[in-house]
Amino acid sequence: MKRVLIIGATSAIAAACARLWAEQGSTFFLVARDQEKLEQTAADLRAHGAKAVTLHSMDATDFASHPAMLSSCLSELQQIDIALIAHGTLPDQKACEQDVAVALREFAINGTSVIAMLTLLANQLEEQRCGSLAVISSVAGDRGRPSNYLYGTAKAAVSTFCEGLRARLFKAGVSVTTIKPGFVDTPMTQGLKLPQLLLAKPEKVARRIVEGIERKATTLYTPGFWALIMFIIRCIPQAIFKRLSL
């Protein structure tokens, strides 16, 4: 039985991961903004075999509320075996370009709030000297593209932060997994013109994530072919890259 904390538990990918852990009889502490969606997620997990599910409503950008959330989590779970940070948005790049307030708000959601949560959870897992910390970043963080560079910048910050955190926590027996999904068929991507051949179902992505956390993977591209795609994109010279519409 695993004791699992999920931040952003109502996201499609997080819910699919939780379902797999529920089938193993895990105990959950689920965090998200929307109480109604949290309750729906909890009911689904109980139907799939979860031993117990506790809900906590919180806005991740309310940094002052993070310690109280963690305290409540530890009161319920006693110890955290897996912590998955999965909250985020897909911002409108044009809106971010035109309004500084929008840009900073979206960066706070996708970057700063994630780093704040990682810092808090890292200290707890380091004290435990065990556990797995996983965060959903994105392939968008591998290179700044004109179509979504605000989002990509936030994810790049998260990925770099995780790299340093991984080296720190390794000495305490704690694993840190940076998850980099490509295009996933979720409510967040609905309405976008995405290549269908590259569009993955959340269930497929979740299975790879759960397996990756289990084997203490460091960086996890999902589906796996995105590792090759992003390697090619990173190798494009800047003189050419800046002329591309990506």
# chains A, B, ... in the order shown; residues from 1 in each chain; ligands from 1
call {"tool": "residues_around", "arguments": {"residues": "Arg145 of chain A", "least_positions_apart": "2", "cutoff": "9 Å", "atoms": "only C-alpha atoms", "output": "PyMOL selection string"}}
result
chain A and resi 140+143+147-149+152+241-242+244-246
call {"tool": "residues_around", "arguments": {"residues": "Ala42 of chain A", "least_positions_apart": "2", "cutoff": "12 Å", "atoms": "only C-alpha atoms", "output": "NGL selection string"}}
result
:A and (6 or 9-10 or 15 or 18-19 or 22 or 27-32 or 35-40 or 44-56)
call {"tool": "write_last_selection", "arguments": {"atoms": "N, CA and C atoms", "output": "compact mmCIF listing (two decimals), in the first residue's frame"}}
result
# COMPACT_ATOMS: atom_id res chain seq x y z
N ILE A 6 -1.21 14.05 -4.13
CA ILE A 6 -1.27 14.58 -5.49
C ILE A 6 -1.75 16.03 -5.44
N ALA A 9 -4.87 17.24 -8.40
CA ALA A 9 -5.37 15.87 -8.53
C ALA A 9 -6.50 15.71 -9.53
N THR A 10 -7.16 16.81 -9.91
CA THR A 10 -8.29 16.69 -10.84
C THR A 10 -7.87 16.79 -12.30
N ALA A 15 -5.36 12.22 -12.52
CA ALA A 15 -6.46 11.31 -12.18
C ALA A 15 -6.21 9.92 -12.74
N ALA A 18 -3.63 8.29 -10.54
CA ALA A 18 -4.24 7.92 -9.26
C ALA A 18 -5.06 6.65 -9.38
N ARG A 19 -5.74 6.49 -10.51
CA ARG A 19 -6.55 5.29 -10.73
C ARG A 19 -5.68 4.03 -10.69
N ALA A 22 -4.74 3.45 -7.15
CA ALA A 22 -5.92 2.98 -6.41
C ALA A 22 -6.09 1.48 -6.57
N THR A 27 -3.54 4.76 -0.37
CA THR A 27 -4.23 5.78 0.40
C THR A 27 -3.84 7.14 -0.18
N PHE A 28 -4.82 8.05 -0.32
CA PHE A 28 -4.58 9.30 -1.03
C PHE A 28 -4.88 10.54 -0.20
N PHE A 29 -4.11 11.58 -0.47
CA PHE A 29 -4.42 12.94 -0.04
C PHE A 29 -4.41 13.77 -1.31
N LEU A 30 -5.60 14.21 -1.73
CA LEU A 30 -5.76 14.88 -3.02
C LEU A 30 -5.98 16.38 -2.83
N VAL A 31 -5.25 17.17 -3.62
CA VAL A 31 -5.32 18.62 -3.51
C VAL A 31 -5.66 19.22 -4.87
N ALA A 32 -6.63 20.13 -4.90
CA ALA A 32 -6.98 20.86 -6.11
C ALA A 32 -7.85 22.04 -5.71
N GLN A 35 -13.56 21.86 -5.43
CA GLN A 35 -14.02 20.85 -4.48
C GLN A 35 -14.93 19.81 -5.14
N GLU A 36 -15.80 20.27 -6.04
CA GLU A 36 -16.72 19.35 -6.69
C GLU A 36 -15.97 18.32 -7.54
N LYS A 37 -14.98 18.77 -8.29
CA LYS A 37 -14.18 17.85 -9.10
C LYS A 37 -13.35 16.92 -8.22
N LEU A 38 -12.89 17.44 -7.10
CA LEU A 38 -12.16 16.59 -6.14
C LEU A 38 -13.04 15.44 -5.65
N GLU A 39 -14.27 15.75 -5.33
CA GLU A 39 -15.19 14.72 -4.84
C GLU A 39 -15.49 13.69 -5.92
N GLN A 40 -15.60 14.12 -7.17
CA GLN A 40 -15.80 13.19 -8.27
C GLN A 40 -14.59 12.28 -8.44
N ASP A 44 -14.32 8.09 -7.85
CA ASP A 44 -13.75 7.21 -8.87
C ASP A 44 -12.64 6.34 -8.29
N LEU A 45 -11.79 6.94 -7.45
CA LEU A 45 -10.67 6.18 -6.86
C LEU A 45 -11.18 5.13 -5.88
N ARG A 46 -12.19 5.47 -5.11
CA ARG A 46 -12.75 4.47 -4.19
C ARG A 46 -13.34 3.29 -4.96
N ALA A 47 -13.95 3.59 -6.09
CA ALA A 47 -14.51 2.52 -6.93
C ALA A 47 -13.42 1.64 -7.53
N HIS A 48 -12.22 2.19 -7.65
CA HIS A 48 -11.10 1.43 -8.22
C HIS A 48 -10.21 0.78 -7.15
N GLY A 49 -10.62 0.87 -5.88
CA GLY A 49 -9.90 0.12 -4.85
C GLY A 49 -9.09 0.93 -3.88
N ALA A 50 -9.16 2.26 -3.91
CA ALA A 50 -8.40 3.07 -2.95
C ALA A 50 -8.80 2.72 -1.53
N LYS A 51 -7.81 2.63 -0.66
CA LYS A 51 -8.10 2.29 0.73
C LYS A 51 -8.76 3.44 1.46
N ALA A 52 -8.27 4.66 1.21
CA ALA A 52 -8.84 5.86 1.83
C ALA A 52 -8.47 7.07 0.98
N VAL A 53 -9.35 8.07 0.96
CA VAL A 53 -9.10 9.28 0.17
C VAL A 53 -9.50 10.50 1.00
N THR A 54 -8.54 11.40 1.20
CA THR A 54 -8.79 12.66 1.89
C THR A 54 -8.65 13.80 0.89
N LEU A 55 -9.55 14.77 0.99
CA LEU A 55 -9.56 15.88 0.03
C LEU A 55 -9.17 17.19 0.70
N HIS A 56 -8.49 18.03 -0.08
CA HIS A 56 -8.07 19.34 0.43
C HIS A 56 -8.17 20.34 -0.71
call {"tool": "closest_residue", "arguments": {"among": "A:Cys162, A:Ala64, A:Cys96, A:Leu198", "to": "Ile136 of chain A", "atoms": "only C-alpha atoms"}}
result
A:Cys162
call {"tool": "select_by_dssp", "arguments": {"residues": "segment 178-207 of chain A", "states": "strand (DSSP E)", "output": "PyMOL selection string"}}
result
chain A and resi 178-181
call {"tool": "write_last_selection", "arguments": {"atoms": "C-alpha atoms", "output": "tab-separated table (two decimals), in the first residue's frame"}}
result
chain	number	residue	atom	x	y	z
A	178	THR	CA	10.79	15.11	-14.02
A	179	ILE	CA	7.91	14.13	-16.29
A	180	LYS	CA	7.84	15.65	-19.77
A	181	PRO	CA	4.62	14.85	-21.63
call {"tool": "closest_residue", "arguments": {"among": "A:Gly8, A:Lys204, A:Thr61, A:Ala103", "to": "Ala86 of chain A", "atoms": "only C-alpha atoms"}}
result
A:Gly8
call {"tool": "residues_around", "arguments": {"residues": "Ser175 of chain A", "least_positions_apart": "6", "cutoff": "12 Å", "atoms": "only C-alpha atoms", "output": "ChimeraX atom specification"}}
result
/A:81-84,122,125-126,129-135,162-169,212-219
call {"tool": "write_last_selection", "arguments": {"atoms": "C-alpha atoms", "output": "tab-separated table (two decimals), in the first residue's frame"}}
result
chain	number	residue	atom	x	y	z
A	81	ASP	CA	5.57	7.58	-0.25
A	82	ILE	CA	4.77	9.35	-3.53
A	83	ALA	CA	4.19	13.06	-4.11
A	84	LEU	CA	3.01	14.06	-7.58
A	122	ALA	CA	11.66	18.15	-0.62
A	125	LEU	CA	10.97	13.75	2.12
A	126	GLU	CA	14.55	14.57	3.05
A	129	ARG	CA	14.89	9.82	4.08
A	130	CYS	CA	12.59	7.98	1.70
A	131	GLY	CA	9.90	8.55	-0.89
A	132	SER	CA	9.45	9.62	-4.49
A	133	LEU	CA	8.86	13.18	-5.68
A	134	ALA	CA	7.50	13.60	-9.21
A	135	VAL	CA	6.49	16.71	-11.10
A	162	CYS	CA	14.34	19.42	-10.37
A	163	GLU	CA	17.79	18.59	-11.73
A	164	GLY	CA	19.49	20.31	-8.82
A	165	LEU	CA	16.95	18.98	-6.33
A	166	ARG	CA	17.52	15.44	-7.61
A	167	ALA	CA	21.23	15.64	-6.85
A	168	ARG	CA	20.51	17.02	-3.38
A	169	LEU	CA	17.89	14.42	-2.42
A	212	GLY	CA	8.72	5.50	-14.21
A	213	ILE	CA	8.20	6.63	-10.63
A	214	GLU	CA	8.37	3.01	-9.49
A	215	ARG	CA	11.80	2.54	-11.09
A	216	LYS	CA	12.98	5.97	-9.89
A	217	ALA	CA	13.44	7.42	-13.37
A	218	THR	CA	15.12	10.82	-13.54
A	219	THR	CA	13.67	12.44	-16.68
call {"tool": "closest_residue", "arguments": {"among": "A:Pro195, A:Gly141, A:Pro91, A:Pro67", "to": "Ala108 of chain A", "atoms": "only C-alpha atoms"}}
result
A:Pro91
call {"tool": "residues_around", "arguments": {"residues": "Pro223 of chain A", "least_positions_apart": "6", "cutoff": "12 Å", "atoms": "only C-alpha atoms", "output": "list in words"}}
result
Ser138, Val139, Ile179, Lys180, Pro181, Gly182, Phe183, Val184, Leu197, Leu198, Leu199, Ala200, Lys201, Pro202, Glu203, Lys204, Val205, Ala206, Arg207, Arg208, Ile209, Gly212, Ile229 and Met230 of chain A
call {"tool": "select_by_dssp", "arguments": {"residues": "segment 63-177 of chain A", "states": "helix (DSSP H, G or I)", "output": "PyMOL selection string"}}
result
chain A and resi 63-77+93-98+100-128+139-142+149-170
call {"tool": "write_last_selection", "arguments": {"atoms": "C-alpha atoms", "output": "PDB file, in the first residue's frame"}}
result
ATOM      1  CA  PHE A  63       1.851  30.138  -1.164  1.00  0.00           C
ATOM      2  CA  ALA A  64       0.904  30.901   2.438  1.00  0.00           C
ATOM      3  CA  SER A  65      -1.526  27.957   2.408  1.00  0.00           C
ATOM      4  CA  HIS A  66       1.091  25.364   1.425  1.00  0.00           C
ATOM      5  CA  PRO A  67       2.429  24.561   4.945  1.00  0.00           C
ATOM      6  CA  ALA A  68      -1.071  23.996   6.353  1.00  0.00           C
ATOM      7  CA  MET A  69      -1.856  21.674   3.450  1.00  0.00           C
ATOM      8  CA  LEU A  70       1.274  19.622   4.107  1.00  0.00           C
ATOM      9  CA  SER A  71       0.504  19.486   7.824  1.00  0.00           C
ATOM     10  CA  SER A  72      -2.989  18.156   7.093  1.00  0.00           C
ATOM     11  CA  CYS A  73      -1.539  15.641   4.671  1.00  0.00           C
ATOM     12  CA  LEU A  74       0.912  14.294   7.234  1.00  0.00           C
ATOM     13  CA  SER A  75      -1.844  14.080   9.843  1.00  0.00           C
ATOM     14  CA  GLU A  76      -3.731  11.767   7.496  1.00  0.00           C
ATOM     15  CA  LEU A  77      -0.944   9.797   5.824  1.00  0.00           C
ATOM     16  CA  GLN A  93       0.823  33.134 -25.561  1.00  0.00           C
ATOM     17  CA  LYS A  94      -0.548  36.218 -27.308  1.00  0.00           C
ATOM     18  CA  ALA A  95      -2.272  37.374 -24.131  1.00  0.00           C
ATOM     19  CA  CYS A  96       0.990  36.898 -22.224  1.00  0.00           C
ATOM     20  CA  GLU A  97       2.827  39.024 -24.792  1.00  0.00           C
ATOM     21  CA  GLN A  98       0.343  41.872 -24.508  1.00  0.00           C
ATOM     22  CA  VAL A 100       2.539  41.759 -18.192  1.00  0.00           C
ATOM     23  CA  ALA A 101       0.066  40.863 -15.433  1.00  0.00           C
ATOM     24  CA  VAL A 102      -1.199  37.881 -17.418  1.00  0.00           C
ATOM     25  CA  ALA A 103       2.360  36.735 -18.150  1.00  0.00           C
ATOM     26  CA  LEU A 104       3.372  36.908 -14.500  1.00  0.00           C
ATOM     27  CA  ARG A 105       0.187  35.172 -13.344  1.00  0.00           C
ATOM     28  CA  GLU A 106       0.717  32.292 -15.765  1.00  0.00           C
ATOM     29  CA  PHE A 107       4.370  32.000 -14.786  1.00  0.00           C
ATOM     30  CA  ALA A 108       3.337  31.869 -11.133  1.00  0.00           C
ATOM     31  CA  ILE A 109       0.888  29.041 -11.832  1.00  0.00           C
ATOM     32  CA  ASN A 110       3.208  26.943 -13.994  1.00  0.00           C
ATOM     33  CA  GLY A 111       6.569  27.838 -12.505  1.00  0.00           C
ATOM     34  CA  THR A 112       6.789  29.642  -9.177  1.00  0.00           C
ATOM     35  CA  SER A 113       4.017  27.727  -7.407  1.00  0.00           C
ATOM     36  CA  VAL A 114       5.518  24.418  -8.519  1.00  0.00           C
ATOM     37  CA  ILE A 115       8.960  25.411  -7.234  1.00  0.00           C
ATOM     38  CA  ALA A 116       7.438  26.545  -3.941  1.00  0.00           C
ATOM     39  CA  MET A 117       5.677  23.204  -3.550  1.00  0.00           C
ATOM     40  CA  LEU A 118       8.803  21.262  -4.520  1.00  0.00           C
ATOM     41  CA  THR A 119      10.812  23.104  -1.886  1.00  0.00           C
ATOM     42  CA  LEU A 120       8.330  22.300   0.860  1.00  0.00           C
ATOM     43  CA  LEU A 121       7.929  18.647  -0.124  1.00  0.00           C
ATOM     44  CA  ALA A 122      11.661  18.153  -0.625  1.00  0.00           C
ATOM     45  CA  ASN A 123      12.316  19.131   2.979  1.00  0.00           C
ATOM     46  CA  GLN A 124       9.693  16.662   4.204  1.00  0.00           C
ATOM     47  CA  LEU A 125      10.967  13.753   2.121  1.00  0.00           C
ATOM     48  CA  GLU A 126      14.554  14.565   3.046  1.00  0.00           C
ATOM     49  CA  GLU A 127      13.569  14.361   6.701  1.00  0.00           C
ATOM     50  CA  GLN A 128      11.827  11.025   6.048  1.00  0.00           C
ATOM     51  CA  VAL A 139       8.608  18.980 -23.550  1.00  0.00           C
ATOM     52  CA  ALA A 140       7.863  22.699 -24.082  1.00  0.00           C
ATOM     53  CA  GLY A 141      10.607  23.478 -21.574  1.00  0.00           C
ATOM     54  CA  ASP A 142      13.314  21.925 -23.748  1.00  0.00           C
ATOM     55  CA  TYR A 149       7.557  30.485 -24.840  1.00  0.00           C
ATOM     56  CA  LEU A 150       5.965  31.799 -21.623  1.00  0.00           C
ATOM     57  CA  TYR A 151       4.739  28.300 -20.794  1.00  0.00           C
ATOM     58  CA  GLY A 152       8.031  26.807 -21.975  1.00  0.00           C
ATOM     59  CA  THR A 153      10.023  29.185 -19.790  1.00  0.00           C
ATOM     60  CA  ALA A 154       8.063  28.180 -16.698  1.00  0.00           C
ATOM     61  CA  LYS A 155       8.531  24.487 -17.469  1.00  0.00           C
ATOM     62  CA  ALA A 156      12.237  24.976 -18.185  1.00  0.00           C
ATOM     63  CA  ALA A 157      12.604  26.594 -14.759  1.00  0.00           C
ATOM     64  CA  VAL A 158      10.832  23.644 -13.128  1.00  0.00           C
ATOM     65  CA  SER A 159      12.967  21.081 -14.984  1.00  0.00           C
ATOM     66  CA  THR A 160      16.221  22.828 -14.054  1.00  0.00           C
ATOM     67  CA  PHE A 161      15.107  23.150 -10.444  1.00  0.00           C
ATOM     68  CA  CYS A 162      14.342  19.425 -10.374  1.00  0.00           C
ATOM     69  CA  GLU A 163      17.789  18.593 -11.727  1.00  0.00           C
ATOM     70  CA  GLY A 164      19.488  20.312  -8.824  1.00  0.00           C
ATOM     71  CA  LEU A 165      16.953  18.980  -6.334  1.00  0.00           C
ATOM     72  CA  ARG A 166      17.517  15.440  -7.610  1.00  0.00           C
ATOM     73  CA  ALA A 167      21.229  15.638  -6.846  1.00  0.00           C
ATOM     74  CA  ARG A 168      20.510  17.019  -3.381  1.00  0.00           C
ATOM     75  CA  LEU A 169      17.885  14.425  -2.424  1.00  0.00           C
ATOM     76  CA  PHE A 170      19.730  11.439  -3.882  1.00  0.00           C
TER      77      PHE A 170
END
